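Contents: one structure, followed by commentary.
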Amino acid sequence: MLVPLSWLKDYVPLPSDPAALVERLTIAGLESSGVKVFGLPVPAGLRVKPDDAGIVWDRDKLIVAKVLEITKHPNADTLRLVRLDLGGAEKTVITGAQNIAPGQSGMKIVLGLRGSRYFFQGKDGKKTTMTLEPRALRGIDNDAMCMSDYELGIADESEGIIILDDADPAPGTPIQDVLGEIVVELDILPNMARCLSMIGIAREVAALNGTKTHVPETTLATVADKIDGKVKVEIADAKLCARYTATVIRNVTVGPAPRWMRSRLHYAGMRPINNAVDITNYVMLEHGQPLHAFDYDVLVARAGGAAPTITVRPARAGETLLLLNQGTKKPEDRKAVELSPDNLVIADSAGPIALAGVMGGLETEVSATTKTILLESACFDFVSVRKTARQFNEFSEASTRFARGVHPEQAKPAAARAAQLFHDHAGGEVLSGVVDAYPAPLPPQVIDLDTAEIRRLLGFDIPGEEVERVLTALQFGVERDGDDAWTVTTPQTRLDIQAGAADLIEELARVYGYDKLPERLLPLELPEPTGNRAIELEDRTRDLLADQGLQDTITYSLTSAEVEGRLDPTKPLAASHVALLNPLSPERGVLRRALLPGVLQVAKHNLESADSVALYELGFVYLPGKEKLPDEPRRLAIVLCGRRAPAAWDDPQGAPPKVYDFYDLKGVVESLAADLHLPAVSFAATQSVPWLHPMRAADLRVNGTSVGAFGELHPKVAASFGLADRAVMAAELDLEAVLAAVPARYGYRPFSTFPPAKRDIAIVIPEATTAEQVLAEIRAAGGDLLTDAALFDVYRGTGLPDGTKSLAFALTYQAPDRTLGEKEIVKAHEKVEGRLRHMLHAQIRGKDIT
């Protein structure tokens, strides 16, 4: 929420140091996300971004001036000569502003004299800073300028020069003193919805600084004519609408709101429209109670000339509503939204006229011809408002407040305040009485609080006087119940206080100051730390992958069924996901079942500015379980794509760079398995994984059980993630199964100090026989003397029988206690050859076949 400090000062005394105020609010839970300064020097200690500091309005160059006379420029139809009183001197300036006309006088404006700095929009649309210099305009010298909101940096668009209120200071007053402002942007947490109003924030400041708030009393002048018989209100379900009040104001003149109100709305981030809309927005920002104004005469016409009946009810199937946001479009381009029973609407006898708490309807909006207004002040169910706003993507200041909860007791005071402003600034006559439908009033909540409970929860005492001061400043009703206890009544502006004293004590600690809480050591000895094997193995896995050059990623646990469905387009997964009942957006509507989609999205994003990625993510997935809560197994996803090595000066000219392929990923998986000491690791080709290329995919097996798959991503799946025409290597492993197979202990064999003997063997085998099978037989035959066996060549082609291939292996023989003799080596090698012939029907190249 944007909080102009000059506005806040109307309700509570502020400290002279804005930086100290911002710091104190942040410590109390109202964190400042930024500060904007308009026209003033940045106070010492206040952290302001350069773009938010604006320009300083020179006190002797930007001043208030009073218009004495406006005449036409003799040489230009669009320019005007404005004679001004500067407070002891007169000056004539030239302006092209269209919101003043020849013959007018008496208004006060903002005048910039020579040397003034102001904002200017160039031909390229960019906002730049200019310095006012004298120049001739159509033959007449001019060295001053009538300023607009845009030129002073108050607004992002210009609606003509600034015309001040009559009550503003005398001519010659520095404009710093009139429009200068410091605006603090506060991040309001959901449990502090009461602070979505100026008065709510004022109460916080009063409690923090030991002062008192001053809320102006509403003095409402009404006419003798009563509201009875003018409108009727019905609520279909008190759970969806706790309260609805209607006030009728006649003889309204719709026009611009006063300058002070428009300035405050500007600084608070809202665009002024007209006095009717601005008054409702002003009261919403002041009290935190959203309001809406209907054209009463339109409602009467829709009711056939009778008094309208306003009904708050769920929409009926097939009903439609043309919303206010369609008013800026051409009639032929306007589209009505289709409503459902999940949408709460405000309706009359002819149908819906507004989406409750979200947006009004176009037909009943207040226009320039409106004379009578029906003012709505109500309280709607926060879940209903939140769902409707999300359904139609119509989020507003009003829906934000309703979605966080508005106390029904605020409806009537806010309506009275708005009616007073309509009377004062729109010439309205307020009919006596209010139609107030309040079917289920909320009873006051009474809580018992004592010093023993405060000490138990906080660990220290807060003086009784301070307890009473803080709670009273926050609008709680406090009555003494003995020396060390109180009976506390929650204010009628808060819905966040639950039964029990915990919430009250939290308020005391927050306002007392978390920075003032005493520090002390725990009275007990810390228990002896014990290991957590699951976390230790998880950290070990991260370290091993990082050692191989992979980067850790963290993606959202919330995703959409559509994104995950890309892994297998033939098998929609929506029904098997854990879905959120109230998602923040459709893109975050379900919990993920796999890590790979999120990592692929990260890879796609990074490949837009890099030529290679090597990523992994280790995290939870969420699978529907037999119990209410989902199962949460851990998974490991790996993605490699792009250049295998960075570009270097000695790369072959004209040759394409070498990119990651299947064997790079296999090497990563093999190294991880080896470093974790997984037993009986094997690989098997697979065609059953839909997101992998059918001819470049493998299963990882531990002790004969599959624990995941890896390989090259299927081209169609890669294209669906924006990675078309790229070779993407991907893996997803069941980390629970992998880590469960890690042995608690594993033995080390000492290095032999005796020299190894190396021999090569090349064999011809059927095409269907895998290298994994050959290695298994070699190891079985080699026994303890065979210390290593590695495939180094694969050949298919000329010289080999059809349906066969040639595999060549490098074998290493070594004994731990002696140097092997030639006879031992030959005997061991011949044993390997014999087993391959017998078990695999292999032919030894150079012996059985050339």
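Labeling convention for the structure tokens: chains A, B, ... as they appear, residues from 1 per chain, ligands from 1 in order of appearance.
Per DSSP on the backbone, helix (DSSP H, G or I) in region 214-299 of chain A comprises Arg259, Trp260, Met261, Arg262, Ser263, Arg264, Leu265, His266, Tyr267, Asn275, Ala276, Val277, Asp278, Ile279, Thr280, Asn281, Tyr282, Val283, Met284, Leu285, Glu286, His287, Tyr296, Asp297, Val298 and Leu299 of chain A.
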Using N, CA, C and O atoms, can you write the selected residues to a file as a CSV table (one decimal), in the first residue's frame?
chain,number,residue,atom,x,y,z
A,259,ARG,N,-8.9,19.4,-5.6
A,259,ARG,CA,-7.5,19.2,-5.9
A,259,ARG,C,-6.8,18.4,-4.8
A,259,ARG,O,-6.0,17.5,-5.1
A,260,TRP,N,-7.1,18.7,-3.5
A,260,TRP,CA,-6.4,18.0,-2.4
A,260,TRP,C,-6.8,16.5,-2.5
A,260,TRP,O,-5.9,15.6,-2.2
A,261,MET,N,-8.0,16.1,-2.9
A,261,MET,CA,-8.4,14.7,-2.9
A,261,MET,C,-7.7,14.0,-4.1
A,261,MET,O,-7.2,12.9,-4.0
A,262,ARG,N,-7.6,14.7,-5.3
A,262,ARG,CA,-7.0,14.1,-6.4
A,262,ARG,C,-5.5,13.9,-6.2
A,262,ARG,O,-4.9,12.9,-6.6
A,263,SER,N,-4.9,14.9,-5.5
A,263,SER,CA,-3.4,14.8,-5.2
A,263,SER,C,-3.2,13.6,-4.3
A,263,SER,O,-2.3,12.8,-4.5
A,264,ARG,N,-4.0,13.4,-3.3
A,264,ARG,CA,-3.8,12.3,-2.4
A,264,ARG,C,-4.0,10.9,-3.1
A,264,ARG,O,-3.3,10.0,-2.9
A,265,LEU,N,-5.0,10.9,-4.0
A,265,LEU,CA,-5.2,9.7,-4.8
A,265,LEU,C,-4.1,9.4,-5.7
A,265,LEU,O,-3.6,8.2,-5.9
A,266,HIS,N,-3.5,10.4,-6.3
A,266,HIS,CA,-2.4,10.3,-7.2
A,266,HIS,C,-1.2,9.7,-6.4
A,266,HIS,O,-0.6,8.7,-6.8
A,267,TYR,N,-0.9,10.3,-5.2
A,267,TYR,CA,0.2,9.8,-4.4
A,267,TYR,C,-0.1,8.4,-3.9
A,267,TYR,O,0.9,7.6,-3.7
A,275,ASN,N,-15.6,13.1,-9.2
A,275,ASN,CA,-15.8,13.2,-7.8
A,275,ASN,C,-16.6,12.0,-7.2
A,275,ASN,O,-16.3,11.5,-6.1
A,276,ALA,N,-17.5,11.4,-8.0
A,276,ALA,CA,-18.2,10.3,-7.5
A,276,ALA,C,-17.3,9.1,-7.3
A,276,ALA,O,-17.3,8.4,-6.3
A,277,VAL,N,-16.5,8.8,-8.3
A,277,VAL,CA,-15.6,7.6,-8.2
A,277,VAL,C,-14.5,7.9,-7.2
A,277,VAL,O,-14.1,7.1,-6.4
A,278,ASP,N,-13.9,9.2,-7.2
A,278,ASP,CA,-12.8,9.5,-6.3
A,278,ASP,C,-13.2,9.5,-4.9
A,278,ASP,O,-12.4,9.1,-4.0
A,279,ILE,N,-14.5,9.9,-4.6
A,279,ILE,CA,-14.9,9.9,-3.2
A,279,ILE,C,-15.0,8.4,-2.7
A,279,ILE,O,-14.5,8.1,-1.5
A,280,THR,N,-15.5,7.5,-3.4
A,280,THR,CA,-15.6,6.1,-3.0
A,280,THR,C,-14.2,5.5,-2.8
A,280,THR,O,-13.9,4.8,-1.9
A,281,ASN,N,-13.2,5.9,-3.8
A,281,ASN,CA,-11.9,5.4,-3.6
A,281,ASN,C,-11.2,6.0,-2.4
A,281,ASN,O,-10.4,5.4,-1.7
A,282,TYR,N,-11.4,7.3,-2.2
A,282,TYR,CA,-10.8,8.0,-1.1
A,282,TYR,C,-11.2,7.4,0.3
A,282,TYR,O,-10.4,7.1,1.1
A,283,VAL,N,-12.5,7.1,0.4
A,283,VAL,CA,-13.0,6.5,1.7
A,283,VAL,C,-12.4,5.1,1.8
A,283,VAL,O,-12.1,4.6,2.9
A,284,MET,N,-12.3,4.4,0.7
A,284,MET,CA,-11.7,3.0,0.8
A,284,MET,C,-10.3,3.1,1.3
A,284,MET,O,-9.9,2.3,2.2
A,285,LEU,N,-9.5,4.0,0.8
A,285,LEU,CA,-8.1,4.1,1.3
A,285,LEU,C,-8.1,4.6,2.7
A,285,LEU,O,-7.2,4.3,3.4
A,286,GLU,N,-9.0,5.5,3.1
A,286,GLU,CA,-9.0,6.0,4.4
A,286,GLU,C,-9.5,5.0,5.5
A,286,GLU,O,-8.8,4.8,6.5
A,287,HIS,N,-10.6,4.3,5.2
A,287,HIS,CA,-11.2,3.4,6.2
A,287,HIS,C,-10.9,1.9,5.9
A,287,HIS,O,-11.1,1.1,6.8
A,296,TYR,N,-28.8,5.6,-9.4
A,296,TYR,CA,-30.1,5.2,-8.9
A,296,TYR,C,-31.2,5.3,-9.9
A,296,TYR,O,-32.1,4.5,-10.0
A,297,ASP,N,-31.2,6.4,-10.8
A,297,ASP,CA,-32.2,6.5,-11.8
A,297,ASP,C,-32.3,5.4,-12.8
A,297,ASP,O,-33.3,5.0,-13.2
A,298,VAL,N,-31.1,4.8,-13.1
A,298,VAL,CA,-31.0,3.7,-14.0
A,298,VAL,C,-31.7,2.5,-13.3
A,298,VAL,O,-32.4,1.7,-13.9
A,299,LEU,N,-31.4,2.3,-12.0
A,299,LEU,CA,-32.0,1.2,-11.3
A,299,LEU,C,-33.5,1.3,-11.2
A,299,LEU,O,-34.3,0.3,-11.4
### Message
Please extract the residues of region 309-427 of chain A with a backbone DSSP assignment of strand (DSSP E or B) and present them as a count of residues only.
### Response
32
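Closest to Ser377 (chain A) among A:Ile454, A:Ala354, A:Ala293, A:Leu362 is A:Ala293, based on only C-alpha atoms.
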### Query
Skipping near chain neighbours, those fewer than 4 positions away, what residues fall within 12 Å of Glu181 (chain A) using only C-alpha atoms, listed as a VMD selection string?
chain A and resid 2 to 9 18 35 to 43 52 to 57 152 to 154 175 to 177 263 to 264 266 to 268
May I have the selected residues written with C-alpha atoms, as a short mmCIF file (atom, residue, chain, number, x, y, z; two decimals), in the first residue's frame?
data_model
loop_
_atom_site.label_atom_id
_atom_site.label_comp_id
_atom_site.auth_asym_id
_atom_site.auth_seq_id
_atom_site.Cartn_x
_atom_site.Cartn_y
_atom_site.Cartn_z
CA LEU A 2 1.23 3.49 -0.87
CA VAL A 3 1.10 5.78 2.17
CA PRO A 4 1.52 9.56 1.65
CA LEU A 5 2.93 10.83 4.94
CA SER A 6 1.13 14.20 4.71
CA TRP A 7 -2.17 12.30 4.53
CA LEU A 8 -1.19 9.99 7.38
CA LYS A 9 -0.37 13.06 9.47
CA PRO A 18 10.88 9.72 8.25
CA VAL A 35 9.98 5.15 -0.73
CA LYS A 36 9.10 7.80 -3.32
CA VAL A 37 9.84 11.48 -2.82
CA PHE A 38 7.97 14.17 -4.74
CA GLY A 39 9.55 17.63 -4.89
CA LEU A 40 11.37 17.44 -1.55
CA PRO A 41 15.03 16.82 -0.72
CA VAL A 42 15.54 13.23 0.40
CA PRO A 43 15.70 13.24 4.22
CA ASP A 52 12.10 7.29 -6.96
CA ALA A 53 13.79 10.46 -5.72
CA GLY A 54 12.34 12.60 -8.51
CA ILE A 55 13.39 16.22 -8.89
CA VAL A 56 13.58 18.74 -6.08
CA TRP A 57 11.21 21.67 -6.62
CA LEU A 152 6.30 17.93 -11.70
CA GLY A 153 6.55 14.13 -11.68
CA ILE A 154 3.32 13.61 -9.74
CA ILE A 175 5.02 24.62 -4.17
CA GLN A 176 7.14 22.34 -1.97
CA ASP A 177 4.95 23.44 0.93
CA SER A 263 -3.45 14.76 -5.19
CA ARG A 264 -3.83 12.25 -2.41
CA HIS A 266 -2.35 10.29 -7.19
CA TYR A 267 0.19 9.76 -4.44
CA ALA A 268 -1.66 6.65 -3.24
#
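Take the candidates A:Lys371, A:Arg250, A:Arg194, A:Arg749 and check each one against Phe402 (chain A) using only C-alpha atoms; the shortest distance goes to A:Arg194.
CA of Tyr663 (chain A) lies 27.6 Å from CA of His841 (chain A).
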### Query
Could you pull the residues within 12 Å of Glu90 (chain A), counting only C-alpha atoms, minus those fewer than 2 positions along the same chain, as number ranges by chain?
A: 65-69, 82-88, 92-93, 111, 171-172
### Query
Hey, what's within 9 Å of Thr219 (chain A) if we count only C-alpha atoms and toss same-chain stuff fewer than 6 positions away? As a ChimeraX atom specification, please?
/A:416-417,420
Could you save the residues just selected, with C-alpha atoms, as a short mmCIF file (atom, residue, chain, number, x, y, z; two decimals), in the first residue's frame?
data_model
loop_
_atom_site.label_atom_id
_atom_site.label_comp_id
_atom_site.auth_asym_id
_atom_site.auth_seq_id
_atom_site.Cartn_x
_atom_site.Cartn_y
_atom_site.Cartn_z
CA ALA A 416 -21.57 7.93 6.34
CA ARG A 417 -18.10 9.35 5.61
CA GLN A 420 -20.58 13.53 3.89
#
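Residue nearest Ala673 (chain A) within the list A:Leu636, A:Ile310, A:Val738, A:Ala724: A:Val738 [criterion: smallest interatomic distance, only C-alpha atoms].
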#### Entry: Within 10 Å of Ala236 (chain A) using only C-alpha atoms, minus same-chain residues under 2 positions, as a PyMOL selection string
chain A and resi 234+238-241+311-314
Restricting it to all heavy atoms, dump the selection as a CSV table (one decimal), in the first residue's frame.
chain,number,residue,atom,x,y,z
A,234,GLU,N,-32.1,-7.2,-0.1
A,234,GLU,CA,-32.3,-8.6,0.4
A,234,GLU,C,-31.0,-9.4,0.2
A,234,GLU,O,-30.2,-9.2,-0.7
A,234,GLU,CB,-33.4,-9.3,-0.5
A,234,GLU,CG,-34.7,-8.7,-0.4
A,234,GLU,CD,-35.8,-9.4,-1.3
A,234,GLU,OE1,-35.3,-10.2,-2.1
A,234,GLU,OE2,-37.0,-9.1,-1.2
A,238,ALA,N,-26.4,-15.3,4.3
A,238,ALA,CA,-25.7,-14.4,5.2
A,238,ALA,C,-24.2,-14.8,5.3
A,238,ALA,O,-23.3,-14.0,5.6
A,238,ALA,CB,-26.3,-14.5,6.6
A,239,LYS,N,-23.9,-16.1,4.9
A,239,LYS,CA,-22.5,-16.5,4.9
A,239,LYS,C,-21.7,-15.9,3.7
A,239,LYS,O,-20.5,-15.7,3.8
A,239,LYS,CB,-22.4,-18.0,4.8
A,239,LYS,CG,-22.9,-18.8,6.0
A,239,LYS,CD,-22.8,-20.3,5.8
A,239,LYS,CE,-23.3,-21.0,7.0
A,239,LYS,NZ,-23.2,-22.5,6.9
A,240,LEU,N,-22.4,-15.5,2.7
A,240,LEU,CA,-21.7,-14.9,1.5
A,240,LEU,C,-21.8,-13.4,1.6
A,240,LEU,O,-20.9,-12.7,1.0
A,240,LEU,CB,-22.4,-15.4,0.2
A,240,LEU,CG,-22.3,-16.9,-0.1
A,240,LEU,CD1,-23.1,-17.2,-1.4
A,240,LEU,CD2,-20.9,-17.3,-0.2
A,241,CYS,N,-22.7,-12.9,2.3
A,241,CYS,CA,-22.8,-11.4,2.5
A,241,CYS,C,-23.3,-11.1,3.9
A,241,CYS,O,-24.4,-11.3,4.2
A,241,CYS,CB,-23.7,-10.8,1.5
A,241,CYS,SG,-23.9,-9.0,1.7
A,311,THR,N,-30.6,-7.3,-4.5
A,311,THR,CA,-30.5,-8.6,-4.0
A,311,THR,C,-29.1,-9.1,-4.1
A,311,THR,O,-28.5,-9.0,-5.2
A,311,THR,CB,-31.4,-9.6,-4.7
A,311,THR,OG1,-32.8,-9.1,-4.6
A,311,THR,CG2,-31.4,-11.0,-4.0
A,312,VAL,N,-28.5,-9.6,-3.0
A,312,VAL,CA,-27.2,-10.2,-3.0
A,312,VAL,C,-27.4,-11.7,-3.1
A,312,VAL,O,-27.9,-12.3,-2.1
A,312,VAL,CB,-26.3,-9.7,-1.8
A,312,VAL,CG1,-24.9,-10.3,-2.0
A,312,VAL,CG2,-26.4,-8.2,-1.6
A,313,ARG,N,-27.0,-12.3,-4.2
A,313,ARG,CA,-27.2,-13.7,-4.3
A,313,ARG,C,-26.2,-14.4,-5.3
A,313,ARG,O,-25.5,-13.6,-6.0
A,313,ARG,CB,-28.6,-13.9,-5.0
A,313,ARG,CG,-28.8,-13.3,-6.3
A,313,ARG,CD,-30.1,-13.7,-7.0
A,313,ARG,NE,-30.3,-12.9,-8.3
A,313,ARG,CZ,-29.8,-13.2,-9.4
A,313,ARG,NH1,-28.9,-14.2,-9.5
A,313,ARG,NH2,-30.1,-12.5,-10.5
A,314,PRO,N,-26.1,-15.7,-5.3
A,314,PRO,CA,-25.2,-16.3,-6.3
A,314,PRO,C,-25.9,-16.1,-7.7
A,314,PRO,O,-27.1,-16.1,-7.8
A,314,PRO,CB,-25.2,-17.8,-5.9
A,314,PRO,CG,-25.6,-17.8,-4.4
A,314,PRO,CD,-26.6,-16.6,-4.3
### Message
Can you measure CA of Leu550 (chain A) to CA of Ala614 (chain A) for me? One decimal in Å is fine.
### Response
4.9 Å
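Reported to one decimal place, the separation of CA of Gln601 (chain A) from CA of Ala719 (chain A) is 11.6 Å.
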### Query
Hey, what's within 12 Å of Arg404 (chain A) if we count only C-alpha atoms and toss same-chain stuff fewer than 2 positions away? As a ChimeraX atom specification, please?
/A:188-196,288-289,357,379-386,397-402,406-407,494-496
I need the chosen residues saved as an mmCIF file, in the first residue's frame, with C-alpha atoms.
data_model
loop_
_atom_site.group_PDB
_atom_site.id
_atom_site.type_symbol
_atom_site.label_atom_id
_atom_site.label_comp_id
_atom_site.auth_asym_id
_atom_site.auth_seq_id
_atom_site.Cartn_x
_atom_site.Cartn_y
_atom_site.Cartn_z
ATOM 1 C CA ILE A 188 0.823 -5.547 3.936
ATOM 2 C CA LEU A 189 0.773 -9.182 5.033
ATOM 3 C CA PRO A 190 -2.534 -11.113 4.810
ATOM 4 C CA ASN A 191 -2.908 -11.172 8.602
ATOM 5 C CA MET A 192 -2.611 -7.367 8.753
ATOM 6 C CA ALA A 193 -5.475 -6.514 6.402
ATOM 7 C CA ARG A 194 -6.543 -3.779 8.823
ATOM 8 C CA CYS A 195 -3.517 -1.818 7.614
ATOM 9 C CA LEU A 196 -4.916 -1.553 4.097
ATOM 10 C CA GLY A 288 -10.315 0.189 4.332
ATOM 11 C CA GLN A 289 -13.983 -0.336 3.367
ATOM 12 C CA GLY A 357 -16.652 -7.140 -4.195
ATOM 13 C CA CYS A 379 -19.170 -7.018 3.477
ATOM 14 C CA PHE A 380 -18.730 -10.052 1.222
ATOM 15 C CA ASP A 381 -17.267 -13.507 1.799
ATOM 16 C CA PHE A 382 -13.516 -13.312 1.180
ATOM 17 C CA VAL A 383 -13.297 -16.753 -0.476
ATOM 18 C CA SER A 384 -16.074 -15.924 -2.933
ATOM 19 C CA VAL A 385 -14.471 -12.592 -3.863
ATOM 20 C CA ARG A 386 -11.031 -14.146 -4.282
ATOM 21 C CA GLU A 397 -8.025 -2.419 -4.666
ATOM 22 C CA ALA A 398 -11.532 -3.393 -3.575
ATOM 23 C CA SER A 399 -11.169 -7.119 -4.270
ATOM 24 C CA THR A 400 -7.785 -7.114 -2.517
ATOM 25 C CA ARG A 401 -9.391 -5.817 0.665
ATOM 26 C CA PHE A 402 -12.441 -8.087 0.527
ATOM 27 C CA VAL A 406 -13.366 -6.739 5.945
ATOM 28 C CA HIS A 407 -15.237 -6.519 9.236
ATOM 29 C CA ARG A 494 -10.263 -6.808 13.028
ATOM 30 C CA LEU A 495 -10.987 -10.384 12.030
ATOM 31 C CA ASP A 496 -7.486 -11.782 12.662
#
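Closest approach to Lys108 (chain A) among A:Asp168, A:Glu830, A:Asp848, A:Glu777 is made by A:Asp168 (distances from only C-alpha atoms).
Take the candidates A:Pro216, A:Gly122, A:Gly34, A:Pro715 and check each one against Asp10 (chain A) using only C-alpha atoms; the shortest distance goes to A:Pro216.
With distances restricted to only C-alpha atoms, A:Val205 is the closest residue to Ala28 (chain A) from A:Val702, A:Leu596, A:Cys146, A:Val205.
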With region 423-444 of chain A as the partner and 9 Å as the cut-off, tabulate the residues of region 202-290 of chain A that qualify, each row holding the nearest pair of atoms and their distance in Å to one decimal, using only C-alpha atoms, sorted by chain and rising number, as a tab-separated table.
residue	atom	partner	partner_atom	distance
A:Leu220	CA	A:Val430	CA	8.2
A:Ala221	CA	A:Val430	CA	7.1
A:Thr222	CA	A:Val430	CA	4.8
A:Val223	CA	A:Leu431	CA	5.5
A:Ala224	CA	A:Ser432	CA	6.4
A:Asp225	CA	A:Leu431	CA	5.6
A:Lys226	CA	A:Ser432	CA	4.5
A:Ile227	CA	A:Leu431	CA	5.6
A:Asp228	CA	A:Gly433	CA	7.6
A:Val231	CA	A:Val435	CA	7.6
A:Lys232	CA	A:Val435	CA	7.2
A:Val233	CA	A:Ala437	CA	6.5
A:Glu234	CA	A:Ala437	CA	7.0
A:Ile235	CA	A:Ala437	CA	7.3
A:Ala238	CA	A:Pro439	CA	6.3
A:Lys239	CA	A:Ala440	CA	8.7
A:Cys241	CA	A:Tyr438	CA	8.8
A:Ala242	CA	A:Tyr438	CA	6.3
A:Arg243	CA	A:Tyr438	CA	4.5
A:Tyr244	CA	A:Ala437	CA	5.2
A:Thr245	CA	A:Asp436	CA	4.4
A:Ala246	CA	A:Val435	CA	5.1
A:Thr247	CA	A:Val434	CA	5.3
A:Val248	CA	A:Leu431	CA	5.8
A:Ile249	CA	A:Val430	CA	4.4
A:Arg250	CA	A:Glu429	CA	5.2
A:Asn251	CA	A:Gly428	CA	5.3
A:Val252	CA	A:Gly428	CA	4.4
A:Thr253	CA	A:Ala426	CA	5.2
A:Val254	CA	A:Ala426	CA	6.4
A:Gly255	CA	A:Ala426	CA	7.6
A:Pro256	CA	A:Ala426	CA	9.0
A:Ala257	CA	A:His425	CA	6.9
A:Pro258	CA	A:His425	CA	7.2
A:Asn275	CA	A:Ala426	CA	6.7
A:Ala276	CA	A:Ala426	CA	7.6
A:Ile279	CA	A:His425	CA	8.8
